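The data block below is start-v1.csv; it holds CSV, C-alpha atoms.
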chain,number,residue,atom,x,y,z
A,1,MET,CA,24.3,64.3,26.9
A,2,ARG,CA,25.8,67.7,25.8
A,3,GLY,CA,28.5,67.4,28.5
A,4,GLU,CA,29.3,64.0,27.2
A,5,ALA,CA,29.8,65.4,23.7
A,6,VAL,CA,32.1,68.1,25.0
A,7,VAL,CA,34.2,65.5,26.8
A,8,ASN,CA,34.4,63.4,23.6
A,9,LEU,CA,35.4,66.5,21.6
A,10,ALA,CA,38.2,67.4,24.0
A,11,THR,CA,39.4,63.8,24.1
A,12,SER,CA,39.5,63.7,20.4
A,13,ARG,CA,41.4,66.9,20.3
A,14,HIS,CA,44.0,65.7,22.7
A,15,SER,CA,44.3,62.4,20.8
A,16,VAL,CA,45.0,64.3,17.6
A,17,LEU,CA,47.7,66.4,19.4
A,18,GLY,CA,49.2,63.3,21.0
A,19,MET,CA,49.4,61.4,17.7
A,20,SER,CA,50.8,64.5,15.9
A,21,VAL,CA,53.6,64.9,18.5
A,22,LEU,CA,54.3,61.1,18.4
A,23,THR,CA,54.4,61.2,14.6
A,24,ALA,CA,56.8,64.2,14.7
A,25,LEU,CA,59.0,62.4,17.2
A,26,ILE,CA,59.2,59.3,15.1
A,27,LEU,CA,60.0,61.3,12.0
A,28,GLU,CA,62.6,63.4,13.8
A,29,THR,CA,64.4,60.3,15.1
A,30,ALA,CA,63.9,57.8,12.3
A,31,VAL,CA,63.7,59.8,9.0
A,32,PHE,CA,65.1,63.3,9.5
A,33,PRO,CA,68.6,62.2,10.3
A,34,HIS,CA,68.8,60.9,6.7
A,35,LEU,CA,67.4,64.2,5.4
A,36,ALA,CA,69.9,66.4,7.3
A,37,VAL,CA,71.5,69.1,5.3
A,38,HIS,CA,75.0,69.9,6.7
A,39,GLY,CA,73.9,68.3,10.0
A,40,ILE,CA,70.8,70.6,10.2
A,41,ARG,CA,67.4,68.8,10.8
A,42,PRO,CA,63.9,70.2,11.0
A,43,ASP,CA,62.2,70.5,14.4
A,44,LEU,CA,58.9,69.0,13.6
A,45,VAL,CA,57.7,68.8,17.2
A,46,THR,CA,58.0,72.6,17.6
A,47,VAL,CA,56.2,73.0,14.3
A,48,VAL,CA,53.3,70.9,15.7
A,49,VAL,CA,53.3,72.9,18.9
A,50,ALA,CA,53.3,76.3,17.1
A,51,CYS,CA,50.5,75.2,14.8
A,52,TRP,CA,48.5,74.0,17.8
A,53,GLY,CA,49.0,77.4,19.5
A,54,LEU,CA,47.9,79.2,16.3
A,55,LEU,CA,44.7,77.2,16.1
A,56,TYR,CA,43.8,76.8,19.8
A,57,GLY,CA,45.2,79.9,21.6
A,58,PRO,CA,47.8,80.5,24.3
A,59,ARG,CA,46.6,78.1,27.0
A,60,GLU,CA,46.4,75.1,24.6
A,61,GLY,CA,49.7,76.1,22.9
A,62,PHE,CA,51.4,76.4,26.3
A,63,LEU,CA,50.2,73.0,27.5
A,64,ALA,CA,51.0,71.4,24.1
A,65,GLY,CA,54.5,72.8,24.2
A,66,LEU,CA,55.0,71.9,27.9
A,67,GLY,CA,53.9,68.3,27.3
A,68,ALA,CA,55.8,67.8,24.0
A,69,GLY,CA,58.9,69.4,25.4
A,70,LEU,CA,58.8,67.3,28.5
A,71,VAL,CA,58.6,64.1,26.4
A,72,GLN,CA,61.7,65.4,24.4
A,73,ASP,CA,63.5,66.1,27.7
A,74,LEU,CA,62.8,62.6,29.0
A,75,LEU,CA,63.9,61.0,25.8
A,76,PHE,CA,66.8,63.0,24.5
A,77,THR,CA,68.4,65.3,27.1
A,78,ARG,CA,69.8,65.2,30.6
A,79,TYR,CA,68.4,68.7,31.3
A,80,ILE,CA,64.8,68.0,32.3
A,81,GLY,CA,62.7,71.1,31.6
A,82,LEU,CA,64.9,72.5,28.9
A,83,PHE,CA,62.6,71.7,25.9
A,84,ALA,CA,59.5,71.8,28.1
A,85,LEU,CA,60.2,75.5,28.9
A,86,ALA,CA,61.2,76.4,25.3
A,87,GLY,CA,58.2,74.5,23.9
A,88,ALA,CA,55.8,76.0,26.4
A,89,LEU,CA,57.0,79.5,25.4
A,90,ALA,CA,56.8,78.8,21.7
A,91,GLY,CA,53.2,77.4,22.0
A,92,PHE,CA,52.1,80.2,24.3
A,93,LEU,CA,53.5,83.0,22.1
A,94,THR,CA,52.1,81.6,18.9
A,95,GLY,CA,48.8,81.2,20.7
A,96,THR,CA,48.7,84.8,21.6
A,97,VAL,CA,48.3,85.7,17.9
A,98,GLU,CA,45.6,83.0,17.4
A,99,SER,CA,42.7,85.6,17.4
A,100,LYS,CA,44.7,88.1,15.3
A,101,ILE,CA,45.5,86.0,12.2
A,102,PHE,CA,43.4,84.8,9.3
A,103,LYS,CA,43.5,81.1,10.1
A,104,GLU,CA,42.8,80.1,6.5
A,105,SER,CA,46.1,81.7,5.3
A,106,VAL,CA,48.7,79.0,5.3
A,107,TRP,CA,51.4,81.5,4.4
A,108,VAL,CA,50.8,83.8,7.4
A,109,SER,CA,50.7,80.8,9.7
A,110,THR,CA,53.9,79.4,8.1
A,111,ALA,CA,55.7,82.7,8.8
A,112,ALA,CA,54.4,82.6,12.4
A,113,VAL,CA,55.6,79.0,12.8
A,114,GLY,CA,59.1,79.9,11.4
A,115,VAL,CA,59.4,82.7,13.9
A,116,ALA,CA,58.2,80.4,16.7
A,117,VAL,CA,60.8,77.7,15.8
A,118,LEU,CA,63.6,80.3,15.7
A,119,GLY,CA,62.4,81.7,19.1
A,120,HIS,CA,62.4,78.1,20.5
A,121,GLU,CA,66.0,77.6,19.3
A,122,PHE,CA,67.0,80.9,20.9
A,123,VAL,CA,65.4,80.0,24.2
A,124,VAL,CA,67.2,76.6,24.2
A,125,TRP,CA,70.5,78.4,23.4
A,126,VAL,CA,70.0,80.9,26.3
A,127,LEU,CA,69.1,78.0,28.7
A,128,LEU,CA,72.1,76.0,27.7
A,129,ARG,CA,74.3,79.0,28.2
A,130,GLY,CA,72.7,79.5,31.6
A,131,LEU,CA,73.5,75.9,32.5
A,132,GLY,CA,77.1,76.4,31.6
A,133,VAL,CA,77.0,74.5,28.3
A,134,PRO,CA,79.4,76.0,25.8
A,135,ALA,CA,77.2,77.2,23.0
A,136,PRO,CA,78.8,80.0,21.0
A,137,ALA,CA,76.5,82.8,19.7
A,138,LEU,CA,77.6,81.8,16.2
A,139,CYS,CA,75.4,78.7,16.7
A,140,LEU,CA,72.3,80.9,16.3
A,141,LEU,CA,73.4,81.8,12.8
A,142,THR,CA,74.8,78.5,11.7
A,143,VAL,CA,72.4,76.1,13.4
A,144,ALA,CA,69.3,77.8,14.7
A,145,LEU,CA,68.5,80.0,11.7
A,146,PRO,CA,69.0,77.3,9.1
A,147,GLY,CA,67.1,74.8,11.3
A,148,ALA,CA,64.2,77.2,11.6
A,149,LEU,CA,64.1,77.7,7.9
A,150,TYR,CA,64.2,74.0,7.2
A,151,SER,CA,61.5,73.4,9.8
A,152,THR,CA,59.3,76.1,8.1
A,153,VAL,CA,59.3,74.0,5.0
A,154,PHE,CA,57.1,71.4,6.8
A,155,ALA,CA,54.8,74.0,8.5
A,156,PRO,CA,52.2,74.3,5.6
A,157,PHE,CA,51.7,70.6,5.6
A,158,VAL,CA,51.3,70.3,9.4
A,159,TYR,CA,49.2,73.4,9.6
A,160,ARG,CA,46.8,72.3,6.9
A,161,ARG,CA,46.3,68.9,8.6
A,162,LEU,CA,45.6,70.4,11.9
A,163,LEU,CA,43.4,73.2,10.4
A,164,LEU,CA,41.2,70.6,8.7
A,165,PHE,CA,40.7,68.9,12.0
A,166,ARG,CA,39.9,72.3,13.6
A,167,PHE,CA,37.3,73.0,10.9
A,168,ARG,CA,35.6,69.7,11.7
A,169,GLU,CA,35.7,70.5,15.3
A,170,TRP,CA,34.1,73.9,14.8
A,171,ALA,CA,31.4,72.2,12.7
A,172,ARG,CA,30.7,69.8,15.5
A,173,GLU,CA,30.6,72.6,18.0
A,174,ARG,CA,28.0,74.5,15.9
A,175,GLU,CA,25.9,71.3,15.6
A,176,MET,CA,26.0,70.8,19.3
A,177,THR,CA,25.0,74.4,19.9
A,178,ALA,CA,22.2,74.2,17.4
A,179,GLY,CA,21.0,71.0,18.8
A,180,ALA,CA,21.0,72.4,22.4
A,181,GLY,CA,18.9,75.4,21.2
A,182,GLN,CA,16.3,73.1,19.6
A,183,VAL,CA,16.1,70.9,22.8
A,184,GLY,CA,15.6,74.1,24.9
A,185,GLN,CA,12.8,75.3,22.6
A,186,GLY,CA,10.9,71.9,22.7
Please go through the file and, once you have read it, give me the structure as structure tokens.
Amino acid sequence: MRGEAVVNLATSRHSVLGMSVLTALILETAVFPHLAVHGIRPDLVTVVVACWGLLYGPREGFLAGLGAGLVQDLLFTRYIGLFALAGALAGFLTGTVESKIFKESVWVSTAAVGVAVLGHEFVVWVLLRGLGVPAPALCLLTVALPGALYSTVFAPFVYRRLLLFRFREWAREREMTAGAGQVGQG
């Protein structure tokens, strides 16, 4: 019974991640083109991945970034692995600070997400340069930095949503642990 509850918890977690990435992709393709400021659009997928890493740690952040990035690669680029690698790094690196931040602080997490999005854009730029795609360094100042700032505007909303889910998950884990202790005593 307890193993079944753990599987349901993990399945629910991955469903939330999948729906969050899908929602981000839909917003990025259907809504955000109309909200572009001088051609700059927010990167909501990376915001979701960074928030996930902050809440679940480096392994989950890495896997979330790898999966979300691979979906982006398959849908939007001809360079398979470009966004997968950048997303995996962003998720992993934000995940490494998961145990060091005060999770309830939306502002600390927002700053971490902003840095993660900027790092993601830098990795994409480096990889494109490595592939021979002309991408001047000025793009980092004129596209990557404003894009990271614009994306950061959405970070508190995404983080709060995922944090509320994480709180519910922690409560269920405590209930399962308490229930397992009572079964063992009886």
For CA of Gly53 in chain A and CA of Arg78 in chain A, quote the distance in Å rounded to one decimal.
26.5 Å
Among listed residues A:Ala64, A:Ile80, A:Ala50, A:Leu75, nearest Thr94 in chain A (using all atoms listed in the file):
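Looking at the shortest contact to Thr94 in chain A, the residue is A:Ala50.
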Record the distance separating CA of Leu63 in chain A and CA of Leu25 in chain A, expressed in Å with one decimal.
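Those two atoms sit 17.2 Å apart.
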Applying 9 Å and all atoms listed in the file, which residues near range 110-117 of chain A remain after dropping the ones on its own chain fewer than 6 positions away? List them as a PyMOL selection string.
chain A and resi 43+46-51+54+89-91+93-94+97+144+147-156+159
Between A:Val143, A:Gly57, A:Val21, A:Phe76, which is the closest to Ile101 in chain A once you count all atoms listed in the file?
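Counting all atoms listed in the file, the residue closest to Ile101 in chain A is A:Gly57.
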